[in-house]
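Visitor: Sharing coords_4.txt below, compact mmCIF, C-alpha atoms:
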# COMPACT_ATOMS: atom_id res chain seq x y z
CA MET X 4 29.37 -48.96 17.09
CA ALA X 5 25.88 -48.98 18.67
CA HIS X 6 27.53 -48.26 22.05
CA THR X 7 29.39 -45.31 20.51
CA GLN X 8 26.19 -43.78 19.01
CA GLY X 9 24.33 -44.22 22.28
CA ALA X 10 27.15 -42.52 24.17
CA ILE X 11 27.07 -39.60 21.76
CA ARG X 12 23.31 -39.16 22.23
CA GLY X 13 23.61 -39.40 26.00
CA TYR X 14 26.43 -36.89 26.33
CA PHE X 15 24.67 -34.58 23.84
CA HIS X 16 21.47 -34.36 25.89
CA VAL X 17 23.30 -33.94 29.19
CA GLY X 18 25.67 -31.40 27.68
CA CYS X 19 22.80 -29.36 26.23
CA ALA X 20 20.92 -29.36 29.52
CA PHE X 21 23.89 -27.97 31.46
CA HIS X 22 25.20 -25.75 28.69
CA LYS X 23 21.91 -23.78 28.52
CA PHE X 24 22.30 -22.60 32.10
CA LEU X 25 26.04 -22.74 32.95
CA PRO X 26 29.01 -21.28 31.09
CA ILE X 27 30.68 -24.72 30.81
CA PRO X 28 33.38 -24.90 28.12
CA HIS X 29 32.95 -27.49 25.42
CA SER X 30 36.24 -29.10 26.43
CA PHE X 31 34.76 -29.97 29.84
CA LEU X 32 31.76 -31.65 28.23
CA LEU X 33 34.15 -33.87 26.25
CA MET X 34 36.00 -35.05 29.39
CA PRO X 35 33.68 -38.04 30.15
CA LEU X 36 34.80 -39.59 26.87
CA MET X 37 38.39 -39.93 28.01
CA PRO X 38 38.16 -42.99 30.28
CA MET X 39 36.06 -44.98 27.81
CA ALA X 40 37.45 -48.14 26.26
CA THR X 41 39.98 -47.09 23.69
CA PRO X 42 38.65 -47.76 20.22
CA PRO X 43 40.91 -47.50 17.19
CA LEU X 44 42.26 -44.00 16.57
CA PHE X 45 39.85 -43.31 13.72
CA ASN X 46 36.78 -44.20 15.79
CA ARG X 47 38.01 -42.09 18.71
CA PHE X 48 38.49 -39.11 16.37
CA ALA X 49 35.06 -39.64 14.81
CA LEU X 50 33.45 -39.85 18.26
CA THR X 51 35.11 -36.65 19.46
CA LEU X 52 34.26 -34.81 16.24
CA SER X 53 30.61 -35.94 16.41
CA VAL X 54 30.22 -34.63 19.95
CA VAL X 55 31.75 -31.28 18.99
CA LEU X 56 29.38 -30.97 16.05
CA LEU X 57 26.39 -31.92 18.16
CA LEU X 58 27.30 -29.34 20.77
CA MET X 59 27.65 -26.72 18.07
CA GLY X 60 24.12 -27.60 16.96
CA CYS X 61 22.97 -27.39 20.55
CA THR X 62 24.29 -23.86 21.02
CA THR X 63 22.95 -22.57 17.71
CA SER X 64 19.51 -24.06 18.31
CA SER X 65 19.16 -21.97 21.47
CA THR X 66 19.69 -18.76 19.45
CA PRO X 67 16.41 -17.33 18.11
CA PRO X 68 16.30 -16.99 14.31
CA PRO X 69 16.68 -13.47 12.92
CA GLN X 70 13.39 -11.63 12.57
CA GLU X 71 12.07 -10.97 9.08
CA THR X 72 11.99 -7.31 8.07
CA ARG X 73 8.46 -5.98 8.53
CA TRP X 74 7.37 -3.61 5.76
CA VAL X 75 4.34 -1.35 5.99
CA GLY X 76 2.93 0.79 3.21
CA THR X 77 3.06 4.54 3.85
CA TRP X 78 1.83 5.68 0.43
CA THR X 79 0.25 4.00 -2.54
CA THR X 80 -1.73 4.76 -5.65
CA SER X 81 -3.78 2.38 -7.76
CA VAL X 82 -2.57 2.10 -11.34
CA GLN X 83 -4.48 1.74 -14.59
CA LEU X 84 -3.98 2.16 -18.31
CA THR X 85 -3.62 5.91 -18.83
CA GLU X 86 -6.35 7.29 -21.08
CA PRO X 87 -5.21 9.22 -24.19
CA ARG X 88 -6.33 12.58 -22.77
CA ASN X 89 -4.16 11.99 -19.67
CA LEU X 90 -0.92 10.98 -21.41
CA PRO X 91 2.25 12.96 -20.60
CA PRO X 92 2.58 16.30 -22.44
CA ALA X 93 5.56 17.14 -24.66
CA PRO X 94 8.42 16.36 -24.45
CA GLY X 95 7.04 13.02 -23.21
CA LEU X 96 8.72 10.52 -20.91
CA ALA X 97 10.99 8.49 -23.21
CA ASN X 98 14.66 9.49 -22.68
CA ASN X 99 13.55 12.38 -20.46
CA THR X 100 13.19 13.11 -16.73
CA LEU X 101 9.99 13.03 -14.68
CA ARG X 102 9.73 14.38 -11.12
CA GLN X 103 6.63 13.33 -9.15
CA VAL X 104 5.59 14.41 -5.66
CA VAL X 105 3.69 12.27 -3.17
CA ARG X 106 2.78 12.78 0.48
CA VAL X 107 3.42 9.82 2.76
CA SER X 108 1.30 9.07 5.82
CA GLN X 109 3.73 7.43 8.28
CA GLY X 110 7.41 8.21 8.80
CA GLY X 111 10.40 5.92 9.08
CA GLU X 112 14.13 5.49 8.64
CA ARG X 113 14.31 2.77 5.97
CA LEU X 114 12.27 2.84 2.76
CA GLN X 115 11.62 1.09 -0.51
CA VAL X 116 9.90 2.51 -3.60
CA ARG X 117 7.74 0.49 -6.00
CA PHE X 118 7.27 1.00 -9.75
CA SER X 119 4.76 -0.55 -12.16
CA ASN X 120 4.44 -1.35 -15.85
CA MET X 121 1.29 -3.39 -15.19
CA PHE X 122 -0.67 -2.04 -18.16
CA GLY X 123 2.20 -1.36 -20.57
CA ASP X 124 2.67 -3.16 -23.88
CA ALA X 125 6.43 -2.58 -24.07
CA PRO X 126 9.35 -2.56 -21.62
CA VAL X 127 9.94 0.59 -19.57
CA ALA X 128 13.59 1.46 -18.99
CA LEU X 129 14.37 3.32 -15.79
CA ASP X 130 17.91 4.57 -16.40
CA ALA X 131 18.05 6.19 -12.96
CA ALA X 132 15.71 7.04 -10.10
CA HIS X 133 16.18 9.28 -7.05
CA LEU X 134 14.25 10.05 -3.89
CA ALA X 135 14.39 13.40 -2.06
CA VAL X 136 12.32 15.61 0.19
CA SER X 137 10.19 17.97 -1.90
CA GLN X 138 10.23 21.69 -1.21
CA GLY X 139 7.35 22.42 -3.59
CA ASP X 140 7.06 23.60 -7.19
CA GLY X 141 9.41 20.92 -8.50
CA VAL X 142 12.21 21.86 -6.10
CA ILE X 143 13.96 19.28 -3.92
CA ASP X 144 16.23 19.52 -0.89
CA PRO X 145 19.58 18.40 -2.39
CA ALA X 146 20.87 17.37 1.03
CA THR X 147 18.25 14.61 1.12
CA ASP X 148 18.64 13.40 -2.47
CA GLN X 149 19.49 9.71 -2.75
CA PRO X 150 19.81 7.42 -5.77
CA LEU X 151 17.75 4.25 -5.86
CA THR X 152 19.22 0.94 -6.99
CA PHE X 153 17.73 -2.28 -8.27
CA ASP X 154 19.60 -5.39 -7.19
CA GLY X 155 22.59 -3.08 -6.87
CA ALA X 156 22.26 -1.58 -10.36
CA SER X 157 21.47 2.08 -11.00
CA GLY X 158 18.65 1.24 -13.40
CA VAL X 159 16.18 -1.45 -14.37
CA THR X 160 13.92 -2.41 -17.24
CA ILE X 161 10.35 -3.27 -16.26
CA ALA X 162 8.72 -5.84 -18.52
CA PRO X 163 5.09 -5.38 -19.59
CA GLY X 164 2.71 -6.55 -16.89
CA GLU X 165 5.41 -6.44 -14.20
CA GLU X 166 6.24 -4.36 -11.13
CA VAL X 167 9.62 -3.80 -9.47
CA THR X 168 10.73 -2.68 -6.03
CA ALA X 169 13.91 -0.68 -5.56
CA ASP X 170 16.51 -1.78 -3.03
CA PRO X 171 15.85 -0.52 0.52
CA ILE X 172 17.58 2.74 1.47
CA ASP X 173 18.15 4.60 4.71
CA PHE X 174 16.11 7.79 4.50
CA ALA X 175 14.93 9.97 7.39
CA LEU X 176 11.23 10.48 6.71
CA SER X 177 8.76 12.34 8.91
CA PRO X 178 5.01 11.62 8.79
CA ARG X 179 2.98 13.58 6.19
CA THR X 180 6.14 14.59 4.32
CA ASP X 181 6.12 15.43 0.60
CA VAL X 182 8.80 13.46 -1.21
CA ALA X 183 9.89 13.70 -4.84
CA ILE X 184 10.51 10.59 -6.93
CA THR X 185 12.60 11.63 -9.93
CA ILE X 186 13.06 9.20 -12.83
CA LYS X 187 15.29 9.40 -15.88
CA PHE X 188 13.60 7.17 -18.44
CA GLY X 189 15.17 5.31 -21.32
CA GLU X 190 13.11 3.78 -24.09
CA MET X 191 9.39 3.24 -23.45
CA SER X 192 6.03 3.48 -25.17
CA ALA X 193 4.67 6.94 -25.83
CA ASP X 194 0.98 6.09 -25.64
CA ILE X 195 0.52 2.83 -23.64
CA ILE X 196 1.55 3.90 -20.16
CA THR X 197 0.72 2.66 -16.67
CA GLY X 198 -0.30 5.56 -14.46
CA HIS X 199 -2.74 7.22 -12.13
CA PRO X 200 -4.52 10.16 -13.79
CA GLY X 201 -6.21 11.51 -10.65
CA SER X 202 -3.09 12.52 -8.74
CA ARG X 203 -4.35 16.01 -7.85
CA THR X 204 -0.62 16.69 -7.56
CA THR X 205 1.65 18.38 -10.12
CA SER X 206 4.42 16.42 -11.85
CA TYR X 207 7.34 17.91 -13.83
CA ILE X 208 8.89 16.75 -17.12
CA VAL X 209 12.18 18.03 -18.57
CA GLU X 210 14.23 16.93 -21.55
CA GLY X 211 17.27 14.73 -21.05
CA ASN X 212 18.84 13.71 -17.78
CA ALA X 213 17.94 16.06 -14.92
CA VAL X 214 17.50 13.39 -12.26
CA THR X 215 19.61 15.32 -9.71
CA ALA X 216 18.47 18.83 -10.65
CA PRO X 217 17.59 20.85 -7.51
CA ALA X 218 14.85 22.72 -9.42
CA MET X 219 12.95 22.42 -12.71
CA PRO X 220 11.77 25.94 -13.58
CA ASP X 221 11.29 25.19 -17.29
CA ALA X 222 9.53 21.85 -16.86
CA ALA X 223 6.31 20.86 -18.58
CA ARG X 224 3.69 20.34 -15.90
CA THR X 225 0.91 17.80 -15.61
CA ASP X 226 -1.40 16.79 -12.78
CA HIS X 227 -0.94 13.03 -13.22
CA TRP X 228 1.31 10.26 -11.89
CA TYR X 229 3.05 7.66 -14.08
CA ILE X 230 4.81 4.35 -13.31
CA ILE X 231 5.09 4.90 -9.53
CA THR X 232 2.82 2.82 -7.29
CA GLY X 233 4.02 2.75 -3.67
CA ILE X 234 6.44 3.53 -0.86
CA ASP X 235 6.92 1.13 2.04
CA LEU X 236 8.89 1.59 5.25
CA VAL X 237 10.27 -0.66 7.98
CA ASP X 238 8.21 -0.35 11.16
CA ASP X 239 7.47 -3.03 13.74
CA ASN X 240 4.56 -1.04 15.18
CA ALA X 241 2.79 0.62 12.25
CA LEU X 242 -0.30 -0.85 10.58
CA ALA X 243 -2.16 0.34 7.47
CA VAL X 244 -5.74 0.99 6.44
CA VAL X 245 -6.58 0.80 2.73
CA THR X 246 -9.40 2.95 1.34
CA ILE X 247 -10.73 1.38 -1.87
CA GLY X 248 -13.09 3.50 -3.93
CA ASP X 249 -13.83 5.65 -6.94
CA SER X 250 -13.35 9.37 -7.70
CA ILE X 251 -14.64 10.42 -4.27
CA THR X 252 -11.84 8.48 -2.57
CA ASP X 253 -9.40 9.45 -5.31
CA GLY X 254 -10.02 13.07 -4.33
CA ARG X 255 -12.38 14.61 -6.88
CA GLY X 256 -13.36 17.99 -5.40
CA SER X 257 -10.28 18.29 -3.19
CA GLY X 258 -7.59 20.88 -3.88
CA THR X 259 -4.75 20.34 -6.33
CA ASN X 260 -1.46 20.06 -4.39
CA GLN X 261 -3.41 20.51 -1.15
CA GLN X 262 -3.40 16.81 -0.16
CA ASN X 263 -6.83 17.19 1.48
CA ARG X 264 -8.74 14.22 0.10
CA TRP X 265 -10.80 12.53 2.79
CA PRO X 266 -8.15 9.76 3.22
CA ASP X 267 -5.56 12.54 3.75
CA VAL X 268 -7.68 14.19 6.42
CA LEU X 269 -8.23 10.78 8.02
CA SER X 270 -4.46 10.28 8.08
CA GLU X 271 -3.96 13.63 9.82
CA ARG X 272 -6.60 12.75 12.43
CA LEU X 273 -5.08 9.34 13.09
CA LEU X 274 -1.60 10.82 13.57
CA ALA X 275 -2.89 13.44 16.00
CA ASN X 276 -4.85 10.93 18.09
CA GLU X 277 -3.18 9.01 20.90
CA GLY X 278 -3.54 5.33 20.23
CA THR X 279 -3.85 5.61 16.43
CA GLU X 280 -0.69 7.54 15.59
CA HIS X 281 0.78 4.28 14.23
CA VAL X 282 -1.81 3.92 11.43
CA ALA X 283 -0.82 4.55 7.79
CA VAL X 284 -3.48 5.36 5.19
CA LEU X 285 -3.20 3.90 1.69
CA ASN X 286 -5.48 5.47 -0.91
CA ALA X 287 -6.67 2.91 -3.48
CA GLY X 288 -9.24 5.15 -5.17
CA ILE X 289 -9.55 5.41 -8.96
CA GLY X 290 -11.71 8.10 -10.56
CA GLY X 291 -14.61 6.68 -12.57
CA ASN X 292 -14.03 3.20 -11.15
CA CYS X 293 -16.70 0.52 -10.82
CA VAL X 294 -16.89 -2.51 -8.54
CA LEU X 295 -18.36 -5.05 -10.94
CA ARG X 296 -16.97 -4.17 -14.37
CA PRO X 297 -14.16 -2.16 -15.96
CA CYS X 298 -15.23 1.47 -16.20
CA LEU X 299 -12.17 3.69 -15.74
CA GLY X 300 -9.44 1.40 -14.53
CA PRO X 301 -9.93 -2.27 -13.75
CA ALA X 302 -13.01 -3.30 -11.77
CA ALA X 303 -12.54 -3.25 -8.01
CA VAL X 304 -13.19 -7.00 -7.84
CA ASP X 305 -10.34 -7.52 -10.32
CA ARG X 306 -7.82 -5.20 -8.66
CA PHE X 307 -8.71 -6.20 -5.10
CA GLU X 308 -5.81 -8.59 -4.64
CA ARG X 309 -3.19 -6.18 -5.98
CA ASP X 310 -4.52 -3.00 -4.41
CA VAL X 311 -5.61 -4.38 -1.03
CA LEU X 312 -4.44 -7.87 -0.17
CA ASN X 313 -0.90 -7.48 -1.53
CA GLN X 314 -0.20 -4.18 0.22
CA ASN X 315 2.25 -4.39 3.10
CA GLY X 316 1.10 -4.20 6.71
CA VAL X 317 -2.65 -3.88 6.06
CA ARG X 318 -4.90 -4.40 9.08
CA TRP X 319 -8.06 -2.52 8.00
CA LEU X 320 -10.02 -1.83 4.83
CA ILE X 321 -12.68 0.80 4.14
CA VAL X 322 -14.93 0.06 1.15
CA LEU X 323 -16.64 3.11 -0.40
CA GLU X 324 -17.52 2.19 -3.94
CA GLY X 325 -20.55 1.33 -6.05
CA VAL X 326 -22.07 4.65 -7.03
CA ASN X 327 -20.75 4.34 -10.60
CA ASP X 328 -22.15 0.82 -10.91
CA ILE X 329 -25.58 2.07 -9.84
CA GLY X 330 -25.49 5.37 -11.73
CA GLY X 331 -24.18 3.75 -14.90
CA SER X 332 -26.79 1.00 -14.96
CA HIS X 333 -29.98 0.97 -17.01
CA PRO X 334 -32.88 1.85 -14.69
CA ASP X 335 -34.52 -1.52 -15.39
CA SER X 336 -31.42 -3.38 -14.15
CA SER X 337 -30.66 -1.24 -11.10
CA ALA X 338 -32.14 -3.76 -8.65
CA VAL X 339 -30.00 -6.52 -10.14
CA VAL X 340 -26.89 -4.34 -9.90
CA ALA X 341 -27.65 -3.61 -6.25
CA GLN X 342 -27.76 -7.33 -5.44
CA ARG X 343 -24.56 -7.98 -7.38
CA LEU X 344 -22.87 -5.20 -5.43
CA ILE X 345 -23.97 -6.81 -2.18
CA ASP X 346 -22.52 -10.13 -3.33
CA ALA X 347 -19.25 -8.45 -4.33
CA TYR X 348 -18.93 -6.71 -0.96
CA ALA X 349 -19.50 -10.02 0.83
CA GLN X 350 -16.75 -11.64 -1.24
CA MET X 351 -14.38 -8.76 -0.47
CA VAL X 352 -15.01 -9.23 3.24
CA GLU X 353 -14.41 -12.96 3.00
CA ASP X 354 -11.15 -12.51 1.09
CA ALA X 355 -9.93 -9.79 3.45
CA HIS X 356 -10.77 -11.82 6.54
CA ALA X 357 -8.65 -14.65 5.13
CA HIS X 358 -5.74 -12.18 5.33
CA ASP X 359 -6.62 -11.02 8.88
CA ILE X 360 -7.96 -7.68 7.59
CA LEU X 361 -10.96 -6.03 9.25
CA VAL X 362 -13.41 -4.53 6.74
CA TYR X 363 -15.53 -1.43 7.33
CA GLY X 364 -18.40 -0.72 4.96
CA ALA X 365 -19.09 2.91 4.05
CA THR X 366 -22.59 3.76 2.88
CA ILE X 367 -23.00 5.23 -0.60
CA MET X 368 -23.46 9.00 -0.42
CA PRO X 369 -26.45 10.88 -1.91
CA PHE X 370 -26.49 11.78 -5.61
CA GLY X 371 -29.91 13.42 -5.94
CA GLY X 372 -29.86 16.17 -8.56
CA SER X 373 -26.81 14.71 -10.32
CA PHE X 374 -26.65 13.05 -13.74
CA TYR X 375 -27.06 9.70 -11.91
CA ASP X 376 -30.37 10.70 -10.32
CA SER X 377 -33.42 8.56 -11.04
CA PRO X 378 -36.01 6.80 -8.87
CA GLU X 379 -34.59 3.40 -9.81
CA HIS X 380 -31.00 4.40 -9.01
CA GLU X 381 -32.06 5.90 -5.69
CA ALA X 382 -33.90 2.70 -4.80
CA ALA X 383 -30.75 0.69 -5.59
CA ARG X 384 -28.66 3.00 -3.40
CA GLU X 385 -31.09 2.56 -0.52
CA THR X 386 -31.05 -1.22 -0.97
CA VAL X 387 -27.28 -1.35 -0.81
CA ASN X 388 -27.05 1.06 2.13
CA THR X 389 -29.66 -0.85 4.11
CA TRP X 390 -27.66 -4.04 3.63
CA ILE X 391 -24.40 -2.33 4.62
CA ARG X 392 -26.02 -1.04 7.81
CA THR X 393 -27.93 -4.16 8.80
CA GLY X 394 -26.43 -7.11 6.95
CA GLY X 395 -23.91 -7.90 9.67
CA VAL X 396 -21.19 -8.83 7.16
CA PHE X 397 -18.89 -5.83 7.64
CA ASP X 398 -16.90 -5.57 10.86
CA ALA X 399 -18.24 -2.03 11.30
CA VAL X 400 -20.25 0.54 9.39
CA ILE X 401 -19.07 4.06 8.49
CA ASP X 402 -22.26 5.92 7.63
CA LEU X 403 -21.03 8.54 5.16
CA ASP X 404 -24.53 8.85 3.72
CA ALA X 405 -25.76 10.13 7.08
CA ALA X 406 -22.70 12.35 7.49
CA THR X 407 -23.00 14.16 4.15
CA ARG X 408 -26.72 14.31 3.28
CA ASP X 409 -28.89 17.39 3.50
CA PRO X 410 -31.31 16.95 6.44
CA GLU X 411 -33.88 18.95 4.50
CA ASN X 412 -33.49 16.74 1.43
CA PRO X 413 -31.85 13.41 2.37
CA THR X 414 -31.37 12.25 -1.21
CA MET X 415 -28.99 15.15 -1.85
CA LEU X 416 -25.58 16.18 -0.52
CA LEU X 417 -25.44 18.93 2.07
CA PRO X 418 -24.94 22.13 0.02
CA ALA X 419 -21.92 23.22 2.08
CA GLY X 420 -20.12 19.99 1.12
CA ASP X 421 -21.20 19.81 -2.54
CA THR X 422 -18.96 20.74 -5.49
CA GLY X 423 -22.12 21.72 -7.32
CA ASP X 424 -22.46 18.58 -9.41
CA HIS X 425 -24.46 16.97 -6.55
CA LEU X 426 -22.23 13.87 -6.68
CA HIS X 427 -18.73 14.82 -5.55
CA PRO X 428 -17.88 16.46 -2.22
CA ASN X 429 -15.86 19.68 -2.19
CA GLU X 430 -13.00 20.30 0.23
CA THR X 431 -15.44 20.89 3.06
CA GLY X 432 -17.23 17.69 2.14
CA HIS X 433 -14.00 15.69 2.20
CA ARG X 434 -13.30 16.97 5.70
CA MET X 435 -16.84 16.13 6.79
CA MET X 436 -16.36 12.59 5.58
CA ALA X 437 -13.07 12.08 7.41
CA GLU X 438 -14.39 13.63 10.61
CA ALA X 439 -17.36 11.23 10.59
CA ILE X 440 -15.06 8.23 11.00
CA ASP X 441 -14.72 6.83 14.53
CA LEU X 442 -10.98 6.60 15.26
CA THR X 443 -11.50 3.86 17.83
CA LEU X 444 -12.01 1.53 14.86
CA PHE X 445 -8.24 1.68 14.39
CA LEU X 446 -7.07 0.90 17.90
CA ARG X 447 -5.00 -2.26 18.18
Before we go any further, please render this structure as structure tokens.

Guide:
Amino acid sequence: MAHTQGAIRGYFHVGCAFHKFLPIPHSFLLMPLMPMATPPLFNRFALTLSVVLLLMGCTTSSTPPPQETRWVGTWTTSVQLTEPRNLPPAPGLANNTLRQVVRVSQGGERLQVRFSNMFGDAPVALDAAHLAVSQGDGVIDPATDQPLTFDGASGVTIAPGEEVTADPIDFALSPRTDVAITIKFGEMSADIITGHPGSRTTSYIVEGNAVTAPAMPDAARTDHWYIITGIDLVDDNALAVVTIGDSITDGRGSGTNQQNRWPDVLSERLLANEGTEHVAVLNAGIGGNCVLRPCLGPAAVDRFERDVLNQNGVRWLIVLEGVNDIGGSHPDSSAVVAQRLIDAYAQMVEDAHAHDILVYGATIMPFGGSFYDSPEHEAARETVNTWIRTGGVFDAVIDLDAATRDPENPTMLLPAGDTGDHLHPNETGHRMMAEAIDLTLFLR
């Protein structure tokens, strides 16, 4: 029997060596077995069968394994518990239809849509969900309308604290396209809802099931998003940059339905620039957000894993957050808050680097003349900005303070880019911010 096993191993290695380079039939490789001493019929059959199986293993081992599908985020929004003043208007979401419009950054041919009940206290029933190209004002292009499925089913129930991803679909999507996600809800809570209040984009609610309706002229309108959290696409070449921040990144001061937040303008610049046209931009801003503690929405340090590290295809991160921590602190504790912010940024960089993500630190913009203005708060801002510029922890610095301040009064925003509250940039200010970013930071 030892002679038989040795013969099998010997013929296997010789057969593999020749079979990799020559189209030799398996029957030929078995021929050397024929003149061997004739064992009993069972042993001869076992020997022949073993060689055949070994050769089958040889041929399959030379075939490369199938590549895993590579998903990259093309749109995202960071979710939170919706405040009472931002809840859906009548008729509400339960048993009704909601159409929401988002603008993607990259295009593709195969997509998946993500939904969240992260902050809900009851299950959310999605009876049906569709995706279509938006034509504006709640109107879709019916020729592009496609139903979404969930493990093959037309609907799904999302448990509290959970997120779900719809099955992938083939969908021809061009970069910077507005798409409509239309959901027919079943039962769900009326007042504990996961959402994103600062959508700066109009959503449409109608009674009953209107999930395939081409238009919604009688819909209740609201400038908030609910339940949706992301769209990913299949792309072997695209990479994503996440922008984590507060209301400035979320788009305060930009135009409703204009999609001209500074991350939007950055996306347009990247697409138009040779060498960076493959970069998607994922906006993880939340209005009123803080880095160190829950303000509006969860603290950035608490949502960092979900909103940055768990996004698909992320290669870069821009951090522009901390003004609410400084401005909301007691003047006597501002210096302590500044140091805690520095520590938090350093931890973000460490965690991101562990996921092969490059991190760019953006300096905190001026707020002189705003309701945050005080000598202590300004000193804290300068402390943080000096560390961002000189600390050597970030992979690069994006100096938005220098790009947006008034040269005549450096503690204040440039008047042309100021909404008037001396804290938030207007549409011109958002463009100034995006145009201050060096696109070579996003070359491969």

Visitor: Which value, in Å to one decimal, gives the distance between CA of Ser270 in chain X and CA of Val244 in chain X?

Guide: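 Answer for the CA of Ser270 in chain X to CA of Val244 in chain X separation: 9.5 Å.
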
Visitor: Kindly indicate which residue among X:Thr215, X:Thr225, X:Thr160, X:Gln115 lies nearest to Asp173 in chain X, using all atoms listed in the file for the distances.

Guide: X:Gln115

Visitor: Provide the CA of Gly258 in chain X to CA of Ile321 in chain X distance in Å, to one decimal place.

Guide: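 Atom-to-atom, CA of Gly258 in chain X and CA of Ile321 in chain X are spaced 22.2 Å apart.
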
Visitor: Could you check how far CA of Thr100 in chain X sits from CA of Ser119 in chain X, in Å to one decimal?

Guide: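 Separating CA of Thr100 in chain X from CA of Ser119 in chain X is a distance of 16.7 Å.
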
Visitor: Please write as a VMD selection string the list of polymer residues whose atoms come within 12 Å of (-9.6, 4.9, 11.5), counting only C-alpha atoms and keeping to the coordinates of the file.

Guide: chain X and resid 242 to 246 265 to 276 278 to 285 318 to 321 361 to 363 399 to 401 436 to 447
